[in-house]
>>> print(open('data.cif').read())   # mmCIF, N, CA and C atoms and all ligand atoms; chains and numbers go by the auth columns
data_input
#
loop_
_atom_site.group_PDB
_atom_site.id
_atom_site.type_symbol
_atom_site.label_atom_id
_atom_site.label_comp_id
_atom_site.label_asym_id
_atom_site.label_seq_id
_atom_site.Cartn_x
_atom_site.Cartn_y
_atom_site.Cartn_z
_atom_site.B_iso_or_equiv
_atom_site.auth_seq_id
_atom_site.auth_asym_id
ATOM 1 N N MET A 1 -11.105 52.961 -94.461 0.00 1 A
ATOM 2 C CA MET A 1 -11.387 52.586 -95.860 0.00 1 A
ATOM 3 C C MET A 1 -12.465 53.457 -96.469 0.00 1 A
ATOM 4 N N VAL A 2 -12.204 53.940 -97.647 0.00 2 A
ATOM 5 C CA VAL A 2 -13.211 54.708 -98.376 0.00 2 A
ATOM 6 C C VAL A 2 -14.379 53.785 -98.735 0.00 2 A
ATOM 7 N N LYS A 3 -15.568 54.292 -98.464 0.00 3 A
ATOM 8 C CA LYS A 3 -16.762 53.485 -98.702 0.00 3 A
ATOM 9 C C LYS A 3 -17.336 53.819 -100.078 0.00 3 A
ATOM 10 N N ILE A 4 -17.719 52.806 -100.822 0.00 4 A
ATOM 11 C CA ILE A 4 -18.281 53.036 -102.146 0.00 4 A
ATOM 12 C C ILE A 4 -19.797 52.890 -102.076 0.00 4 A
ATOM 13 N N VAL A 5 -20.505 53.903 -102.540 0.00 5 A
ATOM 14 C CA VAL A 5 -21.964 53.843 -102.538 0.00 5 A
ATOM 15 C C VAL A 5 -22.496 54.085 -103.946 0.00 5 A
ATOM 16 N N THR A 6 -23.599 53.453 -104.233 0.00 6 A
ATOM 17 C CA THR A 6 -24.254 53.650 -105.524 0.00 6 A
ATOM 18 C C THR A 6 -25.594 54.311 -105.278 0.00 6 A
ATOM 19 N N LEU A 7 -25.838 55.392 -105.962 0.00 7 A
ATOM 20 C CA LEU A 7 -27.099 56.108 -105.799 0.00 7 A
ATOM 21 C C LEU A 7 -27.813 56.197 -107.127 0.00 7 A
ATOM 22 N N LYS A 8 -29.111 56.078 -107.042 0.00 8 A
ATOM 23 C CA LYS A 8 -29.903 56.222 -108.268 0.00 8 A
ATOM 24 C C LYS A 8 -30.373 57.655 -108.377 0.00 8 A
ATOM 25 N N ARG A 9 -29.966 58.290 -109.440 0.00 9 A
ATOM 26 C CA ARG A 9 -30.396 59.657 -109.689 0.00 9 A
ATOM 27 C C ARG A 9 -30.864 59.749 -111.132 0.00 9 A
ATOM 28 N N LYS A 10 -32.038 60.266 -111.306 0.00 10 A
ATOM 29 C CA LYS A 10 -32.574 60.491 -112.646 0.00 10 A
ATOM 30 C C LYS A 10 -32.410 59.263 -113.544 0.00 10 A
ATOM 31 N N GLU A 11 -32.881 58.136 -113.061 0.00 11 A
ATOM 32 C CA GLU A 11 -32.939 56.906 -113.841 0.00 11 A
ATOM 33 C C GLU A 11 -31.602 56.223 -114.085 0.00 11 A
ATOM 34 N N LYS A 12 -30.504 56.852 -113.736 0.00 12 A
ATOM 35 C CA LYS A 12 -29.239 56.135 -113.867 0.00 12 A
ATOM 36 C C LYS A 12 -28.542 56.133 -112.506 0.00 12 A
ATOM 37 N N SER A 13 -27.786 55.083 -112.272 0.00 13 A
ATOM 38 C CA SER A 13 -27.110 55.012 -110.995 0.00 13 A
ATOM 39 C C SER A 13 -25.690 55.550 -111.127 0.00 13 A
ATOM 40 N N GLU A 14 -25.278 56.224 -110.088 0.00 14 A
ATOM 41 C CA GLU A 14 -23.945 56.808 -110.073 0.00 14 A
ATOM 42 C C GLU A 14 -23.191 56.290 -108.867 0.00 14 A
ATOM 43 N N ILE A 15 -21.902 56.207 -109.026 0.00 15 A
ATOM 44 C CA ILE A 15 -21.073 55.692 -107.948 0.00 15 A
ATOM 45 C C ILE A 15 -20.358 56.849 -107.253 0.00 15 A
ATOM 46 N N TYR A 16 -20.406 56.799 -105.924 0.00 16 A
ATOM 47 C CA TYR A 16 -19.728 57.821 -105.151 0.00 16 A
ATOM 48 C C TYR A 16 -18.831 57.182 -104.099 0.00 16 A
ATOM 49 N N TYR A 17 -17.874 57.965 -103.658 0.00 17 A
ATOM 50 C CA TYR A 17 -16.910 57.470 -102.681 0.00 17 A
ATOM 51 C C TYR A 17 -17.010 58.313 -101.426 0.00 17 A
ATOM 52 N N VAL A 18 -17.177 57.646 -100.290 0.00 18 A
ATOM 53 C CA VAL A 18 -17.430 58.348 -99.042 0.00 18 A
ATOM 54 C C VAL A 18 -16.238 58.221 -98.107 0.00 18 A
ATOM 55 N N CYS A 19 -15.796 59.353 -97.586 0.00 19 A
ATOM 56 C CA CYS A 19 -14.766 59.365 -96.556 0.00 19 A
ATOM 57 C C CYS A 19 -15.405 58.889 -95.256 0.00 19 A
ATOM 58 N N GLU A 20 -14.890 57.814 -94.717 0.00 20 A
ATOM 59 C CA GLU A 20 -15.526 57.253 -93.512 0.00 20 A
ATOM 60 C C GLU A 20 -15.234 58.082 -92.267 0.00 20 A
ATOM 61 N N GLU A 21 -14.260 58.947 -92.331 0.00 21 A
ATOM 62 C CA GLU A 21 -13.926 59.771 -91.166 0.00 21 A
ATOM 63 C C GLU A 21 -14.894 60.939 -91.007 0.00 21 A
ATOM 64 N N CYS A 22 -15.192 61.613 -92.098 0.00 22 A
ATOM 65 C CA CYS A 22 -16.051 62.794 -91.984 0.00 22 A
ATOM 66 C C CYS A 22 -17.392 62.613 -92.699 0.00 22 A
ATOM 67 N N GLY A 23 -17.528 61.570 -93.510 0.00 23 A
ATOM 68 C CA GLY A 23 -18.807 61.287 -94.148 0.00 23 A
ATOM 69 C C GLY A 23 -19.071 62.054 -95.428 0.00 23 A
ATOM 70 N N LEU A 24 -18.119 62.836 -95.884 0.00 24 A
ATOM 71 C CA LEU A 24 -18.324 63.572 -97.124 0.00 24 A
ATOM 72 C C LEU A 24 -18.214 62.636 -98.325 0.00 24 A
ATOM 73 N N MET A 25 -18.909 63.003 -99.373 0.00 25 A
ATOM 74 C CA MET A 25 -19.043 62.149 -100.543 0.00 25 A
ATOM 75 C C MET A 25 -18.349 62.785 -101.745 0.00 25 A
ATOM 76 N N TYR A 26 -17.625 61.957 -102.475 0.00 26 A
ATOM 77 C CA TYR A 26 -16.901 62.460 -103.641 0.00 26 A
ATOM 78 C C TYR A 26 -17.180 61.600 -104.858 0.00 26 A
ATOM 79 N N SER A 27 -17.008 62.198 -106.031 0.00 27 A
ATOM 80 C CA SER A 27 -17.234 61.426 -107.249 0.00 27 A
ATOM 81 C C SER A 27 -15.959 60.719 -107.701 0.00 27 A
ATOM 82 N N GLU A 28 -14.835 61.094 -107.087 0.00 28 A
ATOM 83 C CA GLU A 28 -13.578 60.440 -107.447 0.00 28 A
ATOM 84 C C GLU A 28 -12.956 59.742 -106.256 0.00 28 A
ATOM 85 N N PHE A 29 -12.557 58.518 -106.488 0.00 29 A
ATOM 86 C CA PHE A 29 -11.988 57.718 -105.409 0.00 29 A
ATOM 87 C C PHE A 29 -10.748 58.376 -104.825 0.00 29 A
ATOM 88 N N SER A 30 -9.896 58.906 -105.702 0.00 30 A
ATOM 89 C CA SER A 30 -8.628 59.462 -105.239 0.00 30 A
ATOM 90 C C SER A 30 -8.844 60.638 -104.286 0.00 30 A
ATOM 91 N N ILE A 31 -9.883 61.422 -104.521 0.00 31 A
ATOM 92 C CA ILE A 31 -10.156 62.569 -103.653 0.00 31 A
ATOM 93 C C ILE A 31 -10.680 62.092 -102.303 0.00 31 A
ATOM 94 N N ALA A 32 -11.567 61.113 -102.332 0.00 32 A
ATOM 95 C CA ALA A 32 -12.105 60.567 -101.082 0.00 32 A
ATOM 96 C C ALA A 32 -10.981 59.959 -100.244 0.00 32 A
ATOM 97 N N GLU A 33 -10.050 59.328 -100.937 0.00 33 A
ATOM 98 C CA GLU A 33 -8.918 58.722 -100.256 0.00 33 A
ATOM 99 C C GLU A 33 -8.047 59.785 -99.589 0.00 33 A
ATOM 100 N N ARG A 34 -7.829 60.884 -100.298 0.00 34 A
ATOM 101 C CA ARG A 34 -7.036 61.986 -99.748 0.00 34 A
ATOM 102 C C ARG A 34 -7.738 62.602 -98.550 0.00 34 A
ATOM 103 N N CYS A 35 -9.052 62.766 -98.656 0.00 35 A
ATOM 104 C CA CYS A 35 -9.838 63.339 -97.574 0.00 35 A
ATOM 105 C C CYS A 35 -9.716 62.466 -96.327 0.00 35 A
ATOM 106 N N GLU A 36 -9.881 61.166 -96.525 0.00 36 A
ATOM 107 C CA GLU A 36 -9.852 60.268 -95.384 0.00 36 A
ATOM 108 C C GLU A 36 -8.478 60.265 -94.712 0.00 36 A
ATOM 109 N N GLU A 37 -7.467 60.305 -95.529 0.00 37 A
ATOM 110 C CA GLU A 37 -6.104 60.337 -95.007 0.00 37 A
ATOM 111 C C GLU A 37 -5.885 61.602 -94.177 0.00 37 A
ATOM 112 N N TRP A 38 -6.358 62.720 -94.716 0.00 38 A
ATOM 113 C CA TRP A 38 -6.228 63.993 -94.031 0.00 38 A
ATOM 114 C C TRP A 38 -7.021 63.975 -92.720 0.00 38 A
ATOM 115 N N CYS A 39 -8.273 63.556 -92.785 0.00 39 A
ATOM 116 C CA CYS A 39 -9.151 63.529 -91.614 0.00 39 A
ATOM 117 C C CYS A 39 -8.530 62.682 -90.502 0.00 39 A
ATOM 118 N N ARG A 40 -7.967 61.555 -90.880 0.00 40 A
ATOM 119 C CA ARG A 40 -7.410 60.640 -89.898 0.00 40 A
ATOM 120 C C ARG A 40 -6.175 61.243 -89.235 0.00 40 A
ATOM 121 N N ASN A 41 -5.359 61.894 -90.034 0.00 41 A
ATOM 122 C CA ASN A 41 -4.110 62.433 -89.502 0.00 41 A
ATOM 123 C C ASN A 41 -4.296 63.719 -88.718 0.00 41 A
ATOM 124 N N TYR A 42 -5.208 64.586 -89.193 0.00 42 A
ATOM 125 C CA TYR A 42 -5.294 65.925 -88.616 0.00 42 A
ATOM 126 C C TYR A 42 -6.573 66.169 -87.827 0.00 42 A
ATOM 127 N N LYS A 43 -7.510 65.209 -87.860 0.00 43 A
ATOM 128 C CA LYS A 43 -8.772 65.355 -87.131 0.00 43 A
ATOM 129 C C LYS A 43 -9.489 66.648 -87.480 0.00 43 A
ATOM 130 N N SER A 44 -9.328 67.070 -88.724 0.00 44 A
ATOM 131 C CA SER A 44 -10.033 68.245 -89.197 0.00 44 A
ATOM 132 C C SER A 44 -10.205 68.113 -90.695 0.00 44 A
ATOM 133 N N CYS A 45 -10.923 69.071 -91.286 0.00 45 A
ATOM 134 C CA CYS A 45 -11.146 68.979 -92.718 0.00 45 A
ATOM 135 C C CYS A 45 -10.265 69.958 -93.462 0.00 45 A
ATOM 136 N N ASN A 46 -9.820 69.535 -94.622 0.00 46 A
ATOM 137 C CA ASN A 46 -9.017 70.376 -95.482 0.00 46 A
ATOM 138 C C ASN A 46 -9.927 70.978 -96.546 0.00 46 A
ATOM 139 N N LEU A 47 -10.092 72.297 -96.504 0.00 47 A
ATOM 140 C CA LEU A 47 -11.024 72.961 -97.421 0.00 47 A
ATOM 141 C C LEU A 47 -10.708 72.687 -98.883 0.00 47 A
ATOM 142 N N LYS A 48 -9.412 72.551 -99.188 0.00 48 A
ATOM 143 C CA LYS A 48 -9.034 72.300 -100.581 0.00 48 A
ATOM 144 C C LYS A 48 -9.570 70.962 -101.058 0.00 48 A
ATOM 145 N N ILE A 49 -9.770 70.044 -100.109 0.00 49 A
ATOM 146 C CA ILE A 49 -10.317 68.728 -100.468 0.00 49 A
ATOM 147 C C ILE A 49 -11.838 68.755 -100.375 0.00 49 A
ATOM 148 N N THR A 50 -12.356 69.289 -99.272 0.00 50 A
ATOM 149 C CA THR A 50 -13.803 69.211 -99.052 0.00 50 A
ATOM 150 C C THR A 50 -14.606 70.051 -100.035 0.00 50 A
ATOM 151 N N LYS A 51 -13.966 71.022 -100.685 0.00 51 A
ATOM 152 C CA LYS A 51 -14.708 71.807 -101.688 0.00 51 A
ATOM 153 C C LYS A 51 -15.101 70.938 -102.880 0.00 51 A
ATOM 154 N N ASN A 52 -14.427 69.792 -103.028 0.00 52 A
ATOM 155 C CA ASN A 52 -14.763 68.857 -104.110 0.00 52 A
ATOM 156 C C ASN A 52 -15.878 67.897 -103.730 0.00 52 A
ATOM 157 N N ALA A 53 -16.331 68.001 -102.497 0.00 53 A
ATOM 158 C CA ALA A 53 -17.381 67.096 -102.045 0.00 53 A
ATOM 159 C C ALA A 53 -18.673 67.374 -102.801 0.00 53 A
ATOM 160 N N ILE A 54 -19.486 66.346 -102.885 0.00 54 A
ATOM 161 C CA ILE A 54 -20.755 66.473 -103.608 0.00 54 A
ATOM 162 C C ILE A 54 -21.837 66.986 -102.673 0.00 54 A
ATOM 163 N N ASN A 55 -22.523 67.999 -103.120 0.00 55 A
ATOM 164 C CA ASN A 55 -23.590 68.596 -102.348 0.00 55 A
ATOM 165 C C ASN A 55 -24.927 68.227 -102.987 0.00 55 A
ATOM 166 N N PHE A 56 -25.723 67.484 -102.257 0.00 56 A
ATOM 167 C CA PHE A 56 -26.967 66.982 -102.834 0.00 56 A
ATOM 168 C C PHE A 56 -28.133 67.953 -102.714 0.00 56 A
ATOM 169 N N LYS A 57 -27.871 69.132 -102.148 0.00 57 A
ATOM 170 C CA LYS A 57 -28.971 70.080 -101.979 0.00 57 A
ATOM 171 C C LYS A 57 -29.406 70.650 -103.313 0.00 57 A
ATOM 172 N N GLY A 58 -28.464 70.707 -104.264 0.00 58 A
ATOM 173 C CA GLY A 58 -28.735 71.393 -105.531 0.00 58 A
ATOM 174 C C GLY A 58 -29.663 70.692 -106.435 0.00 58 A
HETATM 175 ZN ZN ZN B . -12.916 63.273 -94.693 0.00 101 B
#
>>> encode(input="data.cif", output="structure tokens", more="lines below")
Ligand SMILES: [Zn+2]
Amino acid sequence: MVKIVTLKRKEKSEIYYVCEECGLMYSEFSIAERCEEWCRNYKSCNLKITKNAINFKG
């Protein structure tokens, strides 16, 4: 199951969706769902999906 998390950034909270298989975070539920499905089936990451992941370093 895709996990829904709420994070507070710059005074407003944003909702993110986390793939429970690989732990990557997405801003769209549908992408997180696709990632999780892929991770579960192939035990690897699909670059076309993971490039949409949110990077908090920036
Ligand atoms: Zn994943």
>>> atom_distance(input="data.cif", atom1="CA of Glu11 (chain A)", atom2="atom C of Met25 (chain A)")
19.8 Å
>>> closest_residue(input="data.cif", among="A:Arg9, A:Glu20, A:Tyr42, A:Ser30", to="ligand ZN 101 (chain B)", atoms="only N, CA and C atoms and all ligand atoms")
A:Glu20
>>> closest_atom_pairs(input="data.cif", of="chain A", to="ligand ZN 101 (chain B)", cutoff="9 Å", atoms="only C-alpha atoms and all ligand atoms", output="tab-separated table")
residue	atom	partner	partner_atom	distance
A:Val18	CA	B:ZN101	ZN	8.0
A:Cys19	CA	B:ZN101	ZN	4.7
A:Glu20	CA	B:ZN101	ZN	6.7
A:Glu21	CA	B:ZN101	ZN	5.1
A:Cys22	CA	B:ZN101	ZN	4.2
A:Gly23	CA	B:ZN101	ZN	6.2
A:Leu24	CA	B:ZN101	ZN	5.9
A:Met25	CA	B:ZN101	ZN	8.5
A:Ala32	CA	B:ZN101	ZN	7.0
A:Glu33	CA	B:ZN101	ZN	8.2
A:Arg34	CA	B:ZN101	ZN	7.9
A:Cys35	CA	B:ZN101	ZN	4.2
A:Glu36	CA	B:ZN101	ZN	4.3
A:Glu37	CA	B:ZN101	ZN	7.4
A:Trp38	CA	B:ZN101	ZN	6.8
A:Cys39	CA	B:ZN101	ZN	4.9
A:Arg40	CA	B:ZN101	ZN	7.8
A:Lys43	CA	B:ZN101	ZN	8.9
A:Ser44	CA	B:ZN101	ZN	8.0
A:Cys45	CA	B:ZN101	ZN	6.3
A:Asn46	CA	B:ZN101	ZN	8.1
A:Ile49	CA	B:ZN101	ZN	8.4
A:Thr50	CA	B:ZN101	ZN	7.4
>>> select_by_dssp(input="data.cif", residues="chain A", states="helix (DSSP H, G or I)", output="ChimeraX atom specification")
/A:29-42,47-50
>>> atom_distance(input="data.cif", atom1="CA of Phe29 (chain A)", atom2="atom C of Val2 (chain A)")
8.1 Å
>>> closest_residue(input="data.cif", among="A:Met1, A:Glu28, A:Ile15, A:Leu7", to="Ala53 (chain A)", atoms="only C-alpha atoms")
A:Glu28
>>> select_by_dssp(input="data.cif", residues="chain A", states="strand (DSSP E or B)", output="PyMOL selection string")
chain A and resi 3-9+12-18+25-26
>>> residues_near_point(input="data.cif", point="(-16.7, 65.6, -108.7)", cutoff="6 Å", atoms="only N, CA and C atoms", output="list in words")
Tyr26, Ser27, Glu28 and Asn52 of chain A
>>> axis_aligned_box(input="data.cif", around="region 22-41 of chain A", padding_each_side="6 Å", output="AutoDock Vina command-line options")
--center_x -11.6 --center_y 60.9 --center_z -98.2 --size_x 27.0 --size_y 18.3 --size_z 31.0
>>> atom_distance(input="data.cif", atom1="atom N of Lys3 (chain A)", atom2="atom C of Tyr16 (chain A)")
7.1 Å
